[in-house]
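Colleague: What follows is coords29.cif, mmCIF, C-alpha atoms and all ligand atoms.
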```
data_final
#
loop_
_atom_site.group_PDB
_atom_site.id
_atom_site.type_symbol
_atom_site.label_atom_id
_atom_site.label_comp_id
_atom_site.auth_asym_id
_atom_site.auth_seq_id
_atom_site.Cartn_x
_atom_site.Cartn_y
_atom_site.Cartn_z
ATOM 1 C CA MET A 1069 46.930 131.864 112.231
ATOM 2 C CA THR A 1070 47.429 130.161 115.595
ATOM 3 C CA VAL A 1071 44.614 127.921 116.850
ATOM 4 C CA ILE A 1072 43.934 128.466 120.560
ATOM 5 C CA MET A 1073 42.840 125.030 121.771
ATOM 6 C CA ASP A 1074 39.753 125.379 123.924
ATOM 7 C CA GLY A 1075 39.610 123.012 126.894
ATOM 8 C CA LYS A 1076 36.086 124.074 127.787
ATOM 9 C CA LYS A 1077 34.805 122.920 124.377
ATOM 10 C CA VAL A 1078 36.481 119.530 124.809
ATOM 11 C CA ALA A 1079 35.106 119.222 128.360
ATOM 12 C CA ALA A 1080 31.590 120.094 127.139
ATOM 13 C CA HIS A 1081 31.828 117.387 124.470
ATOM 14 C CA LEU A 1082 32.967 114.783 127.015
ATOM 15 C CA SER A 1083 30.284 115.921 129.480
ATOM 16 C CA GLU A 1084 27.604 114.935 126.942
ATOM 17 C CA GLU A 1085 28.996 111.381 126.875
ATOM 18 C CA ILE A 1086 29.071 111.342 130.689
ATOM 19 C CA LYS A 1087 25.444 112.494 130.937
ATOM 20 C CA GLN A 1088 24.313 109.685 128.613
ATOM 21 C CA ALA A 1089 26.267 107.095 130.622
ATOM 22 C CA LEU A 1090 24.811 108.494 133.860
ATOM 23 C CA GLU A 1091 21.299 107.962 132.527
ATOM 24 C CA VAL A 1092 22.140 104.297 131.945
ATOM 25 C CA SER A 1093 23.631 103.941 135.459
ATOM 26 C CA GLU A 1094 20.628 105.610 137.003
ATOM 27 C CA SER A 1095 18.264 103.315 135.112
ATOM 28 C CA HIS A 1096 20.020 100.474 137.009
ATOM 29 C CA GLY A 1097 19.500 102.363 140.292
ATOM 30 C CA ILE A 1098 23.184 103.288 140.647
ATOM 31 C CA LYS A 1099 24.443 106.816 141.308
ATOM 32 C CA PRO A 1100 28.231 107.067 140.943
ATOM 33 C CA LYS A 1101 29.994 108.403 144.016
ATOM 34 C CA VAL A 1102 33.587 109.590 144.346
ATOM 35 C CA ALA A 1103 35.733 109.965 147.459
ATOM 36 C CA PHE A 1104 38.342 112.730 147.497
ATOM 37 C CA VAL A 1105 41.128 111.897 149.926
ATOM 38 C CA ARG A 1106 43.561 114.639 150.922
ATOM 39 C CA ILE A 1107 46.327 114.709 153.517
ATOM 40 C CA GLY A 1108 47.505 118.188 154.517
ATOM 41 C CA ASP A 1109 46.633 121.547 153.029
ATOM 42 C CA LEU A 1110 48.803 122.008 149.942
ATOM 43 C CA SER A 1111 47.259 124.823 147.932
ATOM 44 C CA ASP A 1112 47.648 122.920 144.608
ATOM 45 C CA SER A 1113 45.757 119.951 146.025
ATOM 46 C CA ILE A 1114 43.025 122.151 147.521
ATOM 47 C CA SER A 1115 42.497 123.983 144.196
ATOM 48 C CA TYR A 1116 42.347 120.705 142.292
ATOM 49 C CA GLU A 1117 39.948 119.139 144.779
ATOM 50 C CA ASN A 1118 37.673 122.203 144.805
ATOM 51 C CA ALA A 1119 37.616 122.314 141.002
ATOM 52 C CA ALA A 1120 36.838 118.584 140.846
ATOM 53 C CA VAL A 1121 34.063 118.742 143.467
ATOM 54 C CA LYS A 1122 32.435 121.577 141.513
ATOM 55 C CA ARG A 1123 32.628 119.608 138.268
ATOM 56 C CA PHE A 1124 31.217 116.380 139.752
ATOM 57 C CA GLU A 1125 28.358 118.190 141.450
ATOM 58 C CA LYS A 1126 27.531 120.017 138.228
ATOM 59 C CA LEU A 1127 27.294 116.648 136.476
ATOM 60 C CA GLY A 1128 24.991 115.383 139.242
ATOM 61 C CA MET A 1129 27.423 112.910 140.803
ATOM 62 C CA ASP A 1130 27.828 112.304 144.529
ATOM 63 C CA THR A 1131 31.019 113.377 146.280
ATOM 64 C CA GLU A 1132 32.499 112.722 149.683
ATOM 65 C CA GLN A 1133 35.613 114.444 151.041
ATOM 66 C CA TYR A 1134 38.067 112.937 153.521
ATOM 67 C CA HIS A 1135 40.720 115.262 154.943
ATOM 68 C CA PHE A 1136 43.607 114.242 157.196
ATOM 69 C CA PRO A 1137 46.144 116.420 158.998
ATOM 70 C CA GLU A 1138 49.664 116.583 157.498
ATOM 71 C CA ASP A 1139 51.061 114.624 160.477
ATOM 72 C CA VAL A 1140 48.473 111.801 160.429
ATOM 73 C CA SER A 1141 50.181 108.521 161.312
ATOM 74 C CA THR A 1142 50.626 105.938 158.571
ATOM 75 C CA LYS A 1143 48.633 103.424 160.594
ATOM 76 C CA VAL A 1144 45.629 105.715 161.148
ATOM 77 C CA PHE A 1145 45.641 106.824 157.521
ATOM 78 C CA LEU A 1146 45.957 103.345 155.999
ATOM 79 C CA THR A 1147 43.211 101.992 158.271
ATOM 80 C CA LYS A 1148 40.804 104.720 157.172
ATOM 81 C CA PHE A 1149 41.873 104.430 153.540
ATOM 82 C CA ARG A 1150 41.142 100.694 153.656
ATOM 83 C CA GLU A 1151 37.626 101.472 154.960
ATOM 84 C CA ILE A 1152 36.996 103.989 152.176
ATOM 85 C CA ASN A 1153 38.246 101.480 149.610
ATOM 86 C CA GLU A 1154 35.937 98.775 150.957
ATOM 87 C CA ASP A 1155 32.846 101.023 151.089
ATOM 88 C CA TYR A 1156 30.537 99.630 148.368
ATOM 89 C CA SER A 1157 28.756 102.977 147.983
ATOM 90 C CA ILE A 1158 32.020 104.575 146.769
ATOM 91 C CA HIS A 1159 32.864 103.774 143.142
ATOM 92 C CA GLY A 1160 35.997 105.869 142.667
ATOM 93 C CA ILE A 1161 38.766 107.400 144.765
ATOM 94 C CA LEU A 1162 40.930 110.408 143.995
ATOM 95 C CA LEU A 1163 43.945 110.596 146.240
ATOM 96 C CA LEU A 1164 45.357 114.127 146.071
ATOM 97 C CA GLN A 1165 49.071 114.136 145.352
ATOM 98 C CA PRO A 1166 51.779 114.615 146.453
ATOM 99 C CA LEU A 1167 51.450 112.740 149.743
ATOM 100 C CA PRO A 1168 53.518 113.778 152.773
ATOM 101 C CA LYS A 1169 56.906 112.001 152.744
ATOM 102 C CA HIS A 1170 56.111 109.690 155.673
ATOM 103 C CA ILE A 1171 53.075 108.116 153.946
ATOM 104 C CA PRO A 1172 54.256 105.300 151.639
ATOM 105 C CA MET A 1173 52.577 105.756 148.270
ATOM 106 C CA LYS A 1174 53.325 102.123 147.407
ATOM 107 C CA ARG A 1175 51.231 100.829 150.323
ATOM 108 C CA VAL A 1176 48.343 103.197 149.594
ATOM 109 C CA ALA A 1177 48.352 102.138 145.941
ATOM 110 C CA GLU A 1178 48.381 98.467 146.929
ATOM 111 C CA ILE A 1179 45.242 98.965 149.051
ATOM 112 C CA MET A 1180 43.313 100.827 146.334
ATOM 113 C CA ASN A 1181 41.041 98.567 144.283
ATOM 114 C CA SER A 1182 42.114 98.931 140.647
ATOM 115 C CA PHE A 1183 38.467 99.491 139.596
ATOM 116 C CA LYS A 1184 38.206 102.495 141.959
ATOM 117 C CA ASP A 1185 41.513 103.954 140.781
ATOM 118 C CA ILE A 1186 40.013 106.799 138.739
ATOM 119 C CA ASP A 1187 43.344 108.666 138.465
ATOM 120 C CA GLY A 1188 45.196 105.556 137.276
ATOM 121 C CA MET A 1189 47.877 105.621 139.975
ATOM 122 C CA LYS A 1190 48.173 101.862 140.608
ATOM 123 C CA ALA A 1191 50.991 99.901 138.984
ATOM 124 C CA SER A 1192 48.362 97.618 137.386
ATOM 125 C CA ASN A 1193 46.679 100.542 135.612
ATOM 126 C CA LEU A 1194 50.005 102.177 134.685
ATOM 127 C CA GLY A 1195 51.182 98.797 133.357
ATOM 128 C CA LYS A 1196 48.189 98.767 131.022
ATOM 129 C CA VAL A 1197 49.303 102.145 129.679
ATOM 130 C CA LEU A 1198 52.679 100.545 128.954
ATOM 131 C CA THR A 1199 51.172 97.507 127.211
ATOM 132 C CA ASN A 1200 48.487 99.641 125.538
ATOM 133 C CA ASP A 1201 45.667 97.542 126.990
ATOM 134 C CA PRO A 1202 42.478 99.599 126.402
ATOM 135 C CA ASP A 1203 40.706 98.111 129.432
ATOM 136 C CA ARG A 1204 42.274 100.498 131.928
ATOM 137 C CA LEU A 1205 41.864 103.654 133.964
ATOM 138 C CA GLU A 1206 44.692 106.000 133.049
ATOM 139 C CA PRO A 1207 45.964 109.091 134.868
ATOM 140 C CA CYS A 1208 43.540 111.951 134.140
ATOM 141 C CA THR A 1209 45.911 114.744 133.151
ATOM 142 C CA PRO A 1210 47.692 112.729 130.417
ATOM 143 C CA ALA A 1211 44.271 111.487 129.279
ATOM 144 C CA ALA A 1212 43.110 115.126 129.082
ATOM 145 C CA VAL A 1213 46.067 115.947 126.801
ATOM 146 C CA MET A 1214 45.156 113.051 124.490
ATOM 147 C CA ASN A 1215 41.496 114.151 124.466
ATOM 148 C CA MET A 1216 42.561 117.667 123.473
ATOM 149 C CA LEU A 1217 44.801 116.444 120.614
ATOM 150 C CA ASP A 1218 42.091 114.070 119.360
ATOM 151 C CA PHE A 1219 39.438 116.796 119.466
ATOM 152 C CA TYR A 1220 41.638 118.963 117.195
ATOM 153 C CA ASP A 1221 42.444 115.973 114.907
ATOM 154 C CA ILE A 1222 46.152 116.103 115.653
ATOM 155 C CA ASP A 1223 47.762 112.842 114.536
ATOM 156 C CA LEU A 1224 50.934 112.042 116.478
ATOM 157 C CA LYS A 1225 52.162 109.271 114.172
ATOM 158 C CA GLY A 1226 55.749 110.025 113.151
ATOM 159 C CA LYS A 1227 55.822 113.332 115.042
ATOM 160 C CA ASN A 1228 58.771 114.383 117.206
ATOM 161 C CA VAL A 1229 57.364 115.144 120.640
ATOM 162 C CA THR A 1230 59.237 116.633 123.589
ATOM 163 C CA VAL A 1231 57.577 116.148 126.975
ATOM 164 C CA VAL A 1232 59.062 118.342 129.704
ATOM 165 C CA GLY A 1233 58.318 116.794 133.100
ATOM 166 C CA ALA A 1234 58.689 113.156 134.107
ATOM 167 C CA SER A 1235 56.342 112.730 137.066
ATOM 168 C CA ALA A 1236 54.470 109.470 137.613
ATOM 169 C CA VAL A 1237 51.100 111.306 137.350
ATOM 170 C CA VAL A 1238 51.781 113.252 134.156
ATOM 171 C CA GLY A 1239 55.096 113.176 132.251
ATOM 172 C CA LYS A 1240 55.890 109.449 132.284
ATOM 173 C CA PRO A 1241 52.404 108.103 131.456
ATOM 174 C CA LEU A 1242 51.883 110.839 128.858
ATOM 175 C CA SER A 1243 55.135 109.880 127.121
ATOM 176 C CA LEU A 1244 53.868 106.282 126.947
ATOM 177 C CA LEU A 1245 50.424 107.295 125.660
ATOM 178 C CA MET A 1246 52.124 109.273 122.903
ATOM 179 C CA MET A 1247 54.490 106.410 122.069
ATOM 180 C CA ASN A 1248 51.393 104.221 121.751
ATOM 181 C CA ARG A 1249 50.329 106.621 118.975
ATOM 182 C CA GLU A 1250 53.663 106.073 117.202
ATOM 183 C CA ALA A 1251 55.211 109.407 118.113
ATOM 184 C CA THR A 1252 58.952 109.704 118.729
ATOM 185 C CA VAL A 1253 59.088 110.969 122.288
ATOM 186 C CA THR A 1254 61.891 112.713 124.171
ATOM 187 C CA THR A 1255 61.138 113.042 127.884
ATOM 188 C CA CYS A 1256 62.956 115.811 129.759
ATOM 189 C CA ASN A 1257 62.935 117.131 133.303
ATOM 190 C CA LEU A 1258 64.011 120.246 135.180
ATOM 191 C CA TYR A 1259 67.644 118.991 135.205
ATOM 192 C CA THR A 1260 67.842 118.323 131.463
ATOM 193 C CA GLU A 1261 70.872 120.048 130.007
ATOM 194 C CA ASN A 1262 70.269 122.212 126.943
ATOM 195 C CA LEU A 1263 66.490 122.039 127.169
ATOM 196 C CA VAL A 1264 66.256 124.473 124.243
ATOM 197 C CA ASP A 1265 68.049 121.915 122.018
ATOM 198 C CA LYS A 1266 65.618 119.181 123.059
ATOM 199 C CA CYS A 1267 62.607 121.384 122.256
ATOM 200 C CA LYS A 1268 63.505 123.541 119.302
ATOM 201 C CA ASP A 1269 63.134 120.806 116.655
ATOM 202 C CA ALA A 1270 60.027 119.242 118.209
ATOM 203 C CA ASP A 1271 56.750 119.147 116.279
ATOM 204 C CA VAL A 1272 54.891 118.976 119.596
ATOM 205 C CA ILE A 1273 56.067 120.354 122.962
ATOM 206 C CA VAL A 1274 54.222 119.409 126.129
ATOM 207 C CA SER A 1275 55.283 121.113 129.334
ATOM 208 C CA ALA A 1276 54.286 119.535 132.633
ATOM 209 C CA ALA A 1277 57.134 120.632 134.848
ATOM 210 C CA GLY A 1278 55.379 123.148 137.100
ATOM 211 C CA ALA A 1279 57.756 126.049 136.437
ATOM 212 C CA ILE A 1280 56.535 129.464 135.340
ATOM 213 C CA ASN A 1281 57.928 130.696 131.962
ATOM 214 C CA LEU A 1282 60.011 127.525 131.498
ATOM 215 C CA ILE A 1283 59.105 127.385 127.803
ATOM 216 C CA ASP A 1284 59.859 130.560 125.891
ATOM 217 C CA ALA A 1285 59.987 131.597 122.204
ATOM 218 C CA GLU A 1286 63.518 130.146 121.788
ATOM 219 C CA HIS A 1287 62.234 126.641 122.664
ATOM 220 C CA VAL A 1288 59.541 126.630 119.980
ATOM 221 C CA LYS A 1289 60.003 126.105 116.242
ATOM 222 C CA GLU A 1290 57.728 127.932 113.839
ATOM 223 C CA GLY A 1291 54.449 125.974 113.468
ATOM 224 C CA ALA A 1292 54.980 123.679 116.473
ATOM 225 C CA ILE A 1293 52.072 122.500 118.627
ATOM 226 C CA VAL A 1294 52.443 123.700 122.228
ATOM 227 C CA VAL A 1295 50.546 122.012 125.053
ATOM 228 C CA ASP A 1296 50.850 123.611 128.489
ATOM 229 C CA VAL A 1297 49.960 121.261 131.339
ATOM 230 C CA GLY A 1298 51.506 123.426 134.066
ATOM 231 C CA ILE A 1299 49.222 124.799 136.758
ATOM 232 C CA ASN A 1300 51.162 127.377 138.755
ATOM 233 C CA PHE A 1301 50.058 130.296 140.872
ATOM 234 C CA THR A 1302 51.916 133.647 140.857
ATOM 235 C CA GLU A 1303 52.496 135.589 144.092
ATOM 236 C CA GLU A 1304 49.384 137.593 143.212
ATOM 237 C CA GLY A 1305 47.417 134.320 143.088
ATOM 238 C CA LYS A 1306 46.981 134.304 139.289
ATOM 239 C CA MET A 1307 46.872 130.853 137.649
ATOM 240 C CA VAL A 1308 49.534 130.500 134.931
ATOM 241 C CA GLY A 1309 51.150 127.614 133.039
ATOM 242 C CA ASP A 1310 54.768 126.700 132.242
ATOM 243 C CA VAL A 1311 54.756 128.452 128.872
ATOM 244 C CA ASN A 1312 55.396 132.138 128.268
ATOM 245 C CA TYR A 1313 52.126 132.294 126.343
ATOM 246 C CA GLU A 1314 52.476 135.818 124.924
ATOM 247 C CA ALA A 1315 56.002 135.125 123.613
ATOM 248 C CA VAL A 1316 55.097 131.768 122.073
ATOM 249 C CA LYS A 1317 51.567 132.090 120.777
ATOM 250 C CA ASP A 1318 52.353 133.613 117.356
ATOM 251 C CA LYS A 1319 55.035 131.002 116.606
ATOM 252 C CA ALA A 1320 52.838 127.994 117.397
ATOM 253 C CA SER A 1321 50.292 126.470 115.015
ATOM 254 C CA PHE A 1322 48.210 125.231 117.984
ATOM 255 C CA ILE A 1323 48.542 126.273 121.623
ATOM 256 C CA THR A 1324 46.678 125.587 124.880
ATOM 257 C CA PRO A 1325 46.045 128.510 127.251
ATOM 258 C CA VAL A 1326 46.149 128.384 131.076
ATOM 259 C CA PRO A 1327 43.497 128.605 132.403
ATOM 260 C CA GLY A 1328 41.046 127.197 129.871
ATOM 261 C CA GLY A 1329 43.285 124.524 128.344
ATOM 262 C CA ILE A 1330 44.258 121.081 129.664
ATOM 263 C CA GLY A 1331 43.282 121.938 133.264
ATOM 264 C CA ALA A 1332 39.745 122.628 132.093
ATOM 265 C CA ILE A 1333 39.455 119.041 130.770
ATOM 266 C CA THR A 1334 41.159 117.093 133.574
ATOM 267 C CA THR A 1335 38.318 117.071 136.102
ATOM 268 C CA THR A 1336 35.844 116.072 133.377
ATOM 269 C CA VAL A 1337 38.093 113.126 132.457
ATOM 270 C CA LEU A 1338 38.070 112.225 136.147
ATOM 271 C CA ALA A 1339 34.249 112.217 136.063
ATOM 272 C CA TYR A 1340 34.337 110.082 132.905
ATOM 273 C CA HIS A 1341 36.599 107.603 134.686
ATOM 274 C CA LEU A 1342 34.145 107.483 137.606
ATOM 275 C CA VAL A 1343 31.364 106.467 135.206
ATOM 276 C CA LYS A 1344 33.651 103.770 133.723
ATOM 277 C CA ALA A 1345 34.627 102.591 137.224
ATOM 278 C CA THR A 1346 30.965 102.391 138.262
ATOM 279 C CA GLU A 1347 30.167 100.312 135.152
ATOM 280 C CA HIS A 1348 32.821 97.756 136.157
ATOM 281 C CA GLN A 1349 31.524 97.527 139.710
ATOM 282 C CA LYS A 1350 28.096 96.405 138.484
ATOM 283 C CA GLU A 1351 29.829 93.080 137.751
ATOM 284 C CA PRO A 1352 30.546 91.518 141.171
ATOM 285 C CA VAL A 1353 33.059 88.992 139.773
ATOM 286 C CA LEU A 1354 35.126 91.647 138.066
ATOM 287 C CA PHE A 1355 34.950 93.860 141.106
ATOM 288 C CA LEU A 1356 36.473 91.195 143.334
ATOM 289 C CA GLU A 1357 39.590 91.076 141.159
ATOM 290 C CA LYS A 1358 42.262 93.472 142.300
HETATM 291 N N1 LIG B 1 45.883 112.728 142.206
HETATM 292 C C1 LIG B 1 46.268 113.890 141.651
HETATM 293 N N2 LIG B 1 46.510 114.947 142.435
HETATM 294 C C2 LIG B 1 46.898 116.118 141.832
HETATM 295 C C3 LIG B 1 47.044 116.202 140.455
HETATM 296 C C4 LIG B 1 46.726 115.071 139.669
HETATM 297 O O1 LIG B 1 46.771 115.089 138.405
HETATM 298 N N3 LIG B 1 46.353 113.930 140.304
HETATM 299 N N4 LIG B 1 47.466 117.356 139.844
HETATM 300 C C5 LIG B 1 47.576 118.591 140.543
HETATM 301 C C6 LIG B 1 46.750 119.517 139.723
HETATM 302 N N5 LIG B 1 46.757 120.911 140.031
HETATM 303 C C7 LIG B 1 47.822 121.609 140.532
HETATM 304 O O2 LIG B 1 48.947 121.276 140.656
HETATM 305 C C8 LIG B 1 45.551 121.598 139.701
HETATM 306 C C9 LIG B 1 44.756 121.165 138.644
HETATM 307 C C10 LIG B 1 43.590 121.862 138.300
HETATM 308 C C11 LIG B 1 43.211 122.986 138.998
HETATM 309 C C12 LIG B 1 41.993 123.784 138.622
HETATM 310 O O3 LIG B 1 41.677 124.763 139.258
HETATM 311 N N6 LIG B 1 41.311 123.413 137.546
HETATM 312 C C13 LIG B 1 40.179 124.158 137.036
HETATM 313 C C14 LIG B 1 40.446 124.727 135.659
HETATM 314 C C15 LIG B 1 41.805 125.173 135.401
HETATM 315 C C16 LIG B 1 42.047 125.572 133.977
HETATM 316 O O4 LIG B 1 41.141 126.078 133.283
HETATM 317 O O5 LIG B 1 43.192 125.374 133.501
HETATM 318 C C17 LIG B 1 38.991 123.215 136.794
HETATM 319 O O6 LIG B 1 39.191 122.014 136.633
HETATM 320 O O7 LIG B 1 37.872 123.736 136.745
HETATM 321 C C18 LIG B 1 43.995 123.414 140.063
HETATM 322 C C19 LIG B 1 45.171 122.722 140.403
HETATM 323 C C20 LIG B 1 47.252 118.528 142.010
HETATM 324 N N7 LIG B 1 47.132 117.213 142.560
#
```
How would this structure read if it were set down as structure tokens?
Ligand SMILES: Nc1nc2c(c(=O)[nH]1)N[C@@H](CN(C=O)c1ccc(C(=O)N[C@@H](CCC(=O)O)C(=O)O)cc1)CN2

Modeller:
Amino acid sequence: MTVIMDGKKVAAHLSEEIKQALEVSESHGIKPKVAFVRIGDLSDSISYENAAVKRFEKLGMDTEQYHFPEDVSTKVFLTKFREINEDYSIHGILLLQPLPKHIPMKRVAEIMNSFKDIDGMKASNLGKVLTNDPDRLEPCTPAAVMNMLDFYDIDLKGKNVTVVGASAVVGKPLSLLMMNREATVTTCNLYTENLVDKCKDADVIVSAAGAINLIDAEHVKEGAIVVDVGINFTEEGKMVGDVNYEAVKDKASFITPVPGGIGAITTTVLAYHLVKATEHQKEPVLFLEK
């Protein structure tokens, strides 16, 4: 019998922890506030931002949205981004990705204070994923995958994991998080030759490549755990993942649906990171460190 992993249940569990932490913050007179920063109007970014705003408001957190036109100059954008970063009333920043090609991600990341980096995009936070330093803010989507596996008591130690997708926001940090749990990880991308061969012996397959129906029954061994991180929209506007869910679901022992799987946890992890970020910023000495 396949277990359908329920992202809403995991998000509800995490929300309870957030509510308790918010009570503590509020007792110190602090209300966490997030800034969403988006350049351009990519539909993926808009959907993510809208979903996140809804989640934060539901949890009673303050939000502020900053939108820039696609052709904003680097100078204008970096000046404004610096101001947002230096605003003491803002405890966390989510920069919607991808950025337009002319905006240098490296410079934006350098400006961002590491304690406001609630999606773990800075090299300093990603480095802590590599060294397995627990005092970090990690990218939210990989963290959501780990939350899901933990909630269902899935131990990765010794497991063969194939991660499909090697982006800096999902695939690469997720591979590291799983290696930190002593899994044997193979990281693939859309150009990997013989993807079926890389997947068909895996105990766990995670797809985060952003390609509809990339993972089909032939990729999945009987009893494998299948985690679908893809968020894609069909021409009819329906949200679907990377996995051909109907073809795979009876072969898998555990599977995440889309919607209602990893995507349903990600924005709650983001809110959890905002609470953590706010905690750090109560300590002025820590906050001054970059
Ligand atoms: N800084 C970042 N920007 C972006 C990221 C990211 O991880 N960091 N990822 C994408 C995410 N994305 C589309 O590509 C996307 C994610 C989530 C949603 C959404 O509607 N989520 C819903 C629930 C969905 C579900 O149940 O699966 C929610 O959270 O309520 C839309 C798009 C974009 N940019």

Colleague: What does the PyMOL selection byres (((chain A and resi 1090) around 10) and not hetatm) select in this file, as a PDB file with C-alpha atoms, in the frame of the given file?

Modeller:
```
ATOM      1  CA  GLU A1084      27.604 114.935 126.942  1.00  0.00           C
ATOM      2  CA  GLU A1085      28.996 111.381 126.875  1.00  0.00           C
ATOM      3  CA  ILE A1086      29.071 111.342 130.689  1.00  0.00           C
ATOM      4  CA  LYS A1087      25.444 112.494 130.937  1.00  0.00           C
ATOM      5  CA  GLN A1088      24.313 109.685 128.613  1.00  0.00           C
ATOM      6  CA  ALA A1089      26.267 107.095 130.622  1.00  0.00           C
ATOM      7  CA  GLU A1091      21.299 107.962 132.527  1.00  0.00           C
ATOM      8  CA  VAL A1092      22.140 104.297 131.945  1.00  0.00           C
ATOM      9  CA  SER A1093      23.631 103.941 135.459  1.00  0.00           C
ATOM     10  CA  GLU A1094      20.628 105.610 137.003  1.00  0.00           C
ATOM     11  CA  SER A1095      18.264 103.315 135.112  1.00  0.00           C
ATOM     12  CA  HIS A1096      20.020 100.474 137.009  1.00  0.00           C
ATOM     13  CA  ILE A1098      23.184 103.288 140.647  1.00  0.00           C
ATOM     14  CA  LYS A1099      24.443 106.816 141.308  1.00  0.00           C
ATOM     15  CA  PRO A1100      28.231 107.067 140.943  1.00  0.00           C
ATOM     16  CA  LEU A1127      27.294 116.648 136.476  1.00  0.00           C
ATOM     17  CA  GLY A1128      24.991 115.383 139.242  1.00  0.00           C
ATOM     18  CA  MET A1129      27.423 112.910 140.803  1.00  0.00           C
ATOM     19  CA  TYR A1340      34.337 110.082 132.905  1.00  0.00           C
ATOM     20  CA  VAL A1343      31.364 106.467 135.206  1.00  0.00           C
ATOM     21  CA  THR A1346      30.965 102.391 138.262  1.00  0.00           C
ATOM     22  CA  GLU A1347      30.167 100.312 135.152  1.00  0.00           C
TER      23      GLU A1347
END
```

Colleague: Select the residues contacting ligand LIG 1 (chain B) at a distance of at most 6 Å, based on all atoms listed in the file, then format the selection as a list in words.

Modeller: Asp1112, Ser1113, Ser1115, Tyr1116, Ala1119, Ala1120, Leu1162, Leu1163, Leu1164, Gln1165, Thr1209, Val1237, Ile1299, Val1326, Pro1327, Gly1328, Gly1329, Ile1330, Gly1331, Ala1332 and Thr1335 of chain A

Colleague: One decimal, in Å: what's the spacing between CA of Leu1338 in chain A and CA of Val1078 in chain A?

Modeller: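 Between CA of Leu1338 in chain A and CA of Val1078 in chain A the gap works out to 13.6 Å.
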
Colleague: With the cut-off set at 7 Å and counting all atoms listed in the file, tabulate each residue of range 1162-1263 of chain A with an atom at most that distance from an atom of range 1269-1285 of chain A, showing the nearest atom pair and its distance in Å to one decimal, ordered by chain and increasing number, as a Markdown table.

Modeller:
```
| residue | atom | partner | partner_atom | distance |
| --- | --- | --- | --- | --- |
| A:Lys1227 | CA | A:Asp1271 | CA | 6.0 |
| A:Asn1228 | CA | A:Ala1270 | CA | 5.1 |
| A:Val1229 | CA | A:Val1272 | CA | 4.7 |
| A:Thr1230 | CA | A:Ile1273 | CA | 4.9 |
| A:Val1231 | CA | A:Val1274 | CA | 4.8 |
| A:Val1232 | CA | A:Ser1275 | CA | 4.7 |
| A:Gly1233 | CA | A:Ala1277 | CA | 4.4 |
| A:Val1238 | CA | A:Ala1276 | CA | 6.9 |
| A:Gly1239 | CA | A:Ala1276 | CA | 6.4 |
| A:Asn1257 | CA | A:Ala1277 | CA | 6.9 |
| A:Leu1258 | CA | A:Ala1277 | CA | 6.9 |
```

Colleague: Can you give me, as a PyMOL selection string, the residues this file yields under the PyMOL selection byres (((chain A and resi 1175) around 12) and not hetatm)?

Modeller: chain A and resi 1142-1143+1145-1147+1149-1150+1167+1170-1174+1176-1180+1189-1191

Colleague: Mind giving me the straight-line distance from CA of Glu1125 in chain A to CA of Pro1207 in chain A in Å, one decimal?

Modeller: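 Here the two named atoms are 20.9 Å from each other.
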
Colleague: Using only C-alpha atoms - which residues lie no farther than 12 Å from the point (48.0, 97.7, 135.2) in the file's frame? Write them as a PDB file with C-alpha atoms, in the frame of the given file.

Modeller:
```pdb
ATOM      1  CA  ALA A1177      48.352 102.138 145.941  1.00  0.00           C
ATOM      2  CA  GLU A1178      48.381  98.467 146.929  1.00  0.00           C
ATOM      3  CA  ASN A1181      41.041  98.567 144.283  1.00  0.00           C
ATOM      4  CA  SER A1182      42.114  98.931 140.647  1.00  0.00           C
ATOM      5  CA  PHE A1183      38.467  99.491 139.596  1.00  0.00           C
ATOM      6  CA  ASP A1185      41.513 103.954 140.781  1.00  0.00           C
ATOM      7  CA  GLY A1188      45.196 105.556 137.276  1.00  0.00           C
ATOM      8  CA  MET A1189      47.877 105.621 139.975  1.00  0.00           C
ATOM      9  CA  LYS A1190      48.173 101.862 140.608  1.00  0.00           C
ATOM     10  CA  ALA A1191      50.991  99.901 138.984  1.00  0.00           C
ATOM     11  CA  SER A1192      48.362  97.618 137.386  1.00  0.00           C
ATOM     12  CA  ASN A1193      46.679 100.542 135.612  1.00  0.00           C
ATOM     13  CA  LEU A1194      50.005 102.177 134.685  1.00  0.00           C
ATOM     14  CA  GLY A1195      51.182  98.797 133.357  1.00  0.00           C
ATOM     15  CA  LYS A1196      48.189  98.767 131.022  1.00  0.00           C
ATOM     16  CA  VAL A1197      49.303 102.145 129.679  1.00  0.00           C
ATOM     17  CA  LEU A1198      52.679 100.545 128.954  1.00  0.00           C
ATOM     18  CA  THR A1199      51.172  97.507 127.211  1.00  0.00           C
ATOM     19  CA  ASN A1200      48.487  99.641 125.538  1.00  0.00           C
ATOM     20  CA  ASP A1201      45.667  97.542 126.990  1.00  0.00           C
ATOM     21  CA  PRO A1202      42.478  99.599 126.402  1.00  0.00           C
ATOM     22  CA  ASP A1203      40.706  98.111 129.432  1.00  0.00           C
ATOM     23  CA  ARG A1204      42.274 100.498 131.928  1.00  0.00           C
ATOM     24  CA  LEU A1205      41.864 103.654 133.964  1.00  0.00           C
ATOM     25  CA  GLU A1206      44.692 106.000 133.049  1.00  0.00           C
ATOM     26  CA  PRO A1207      45.964 109.091 134.868  1.00  0.00           C
ATOM     27  CA  PRO A1241      52.404 108.103 131.456  1.00  0.00           C
ATOM     28  CA  LYS A1358      42.262  93.472 142.300  1.00  0.00           C
TER      29      LYS A1358
END
```
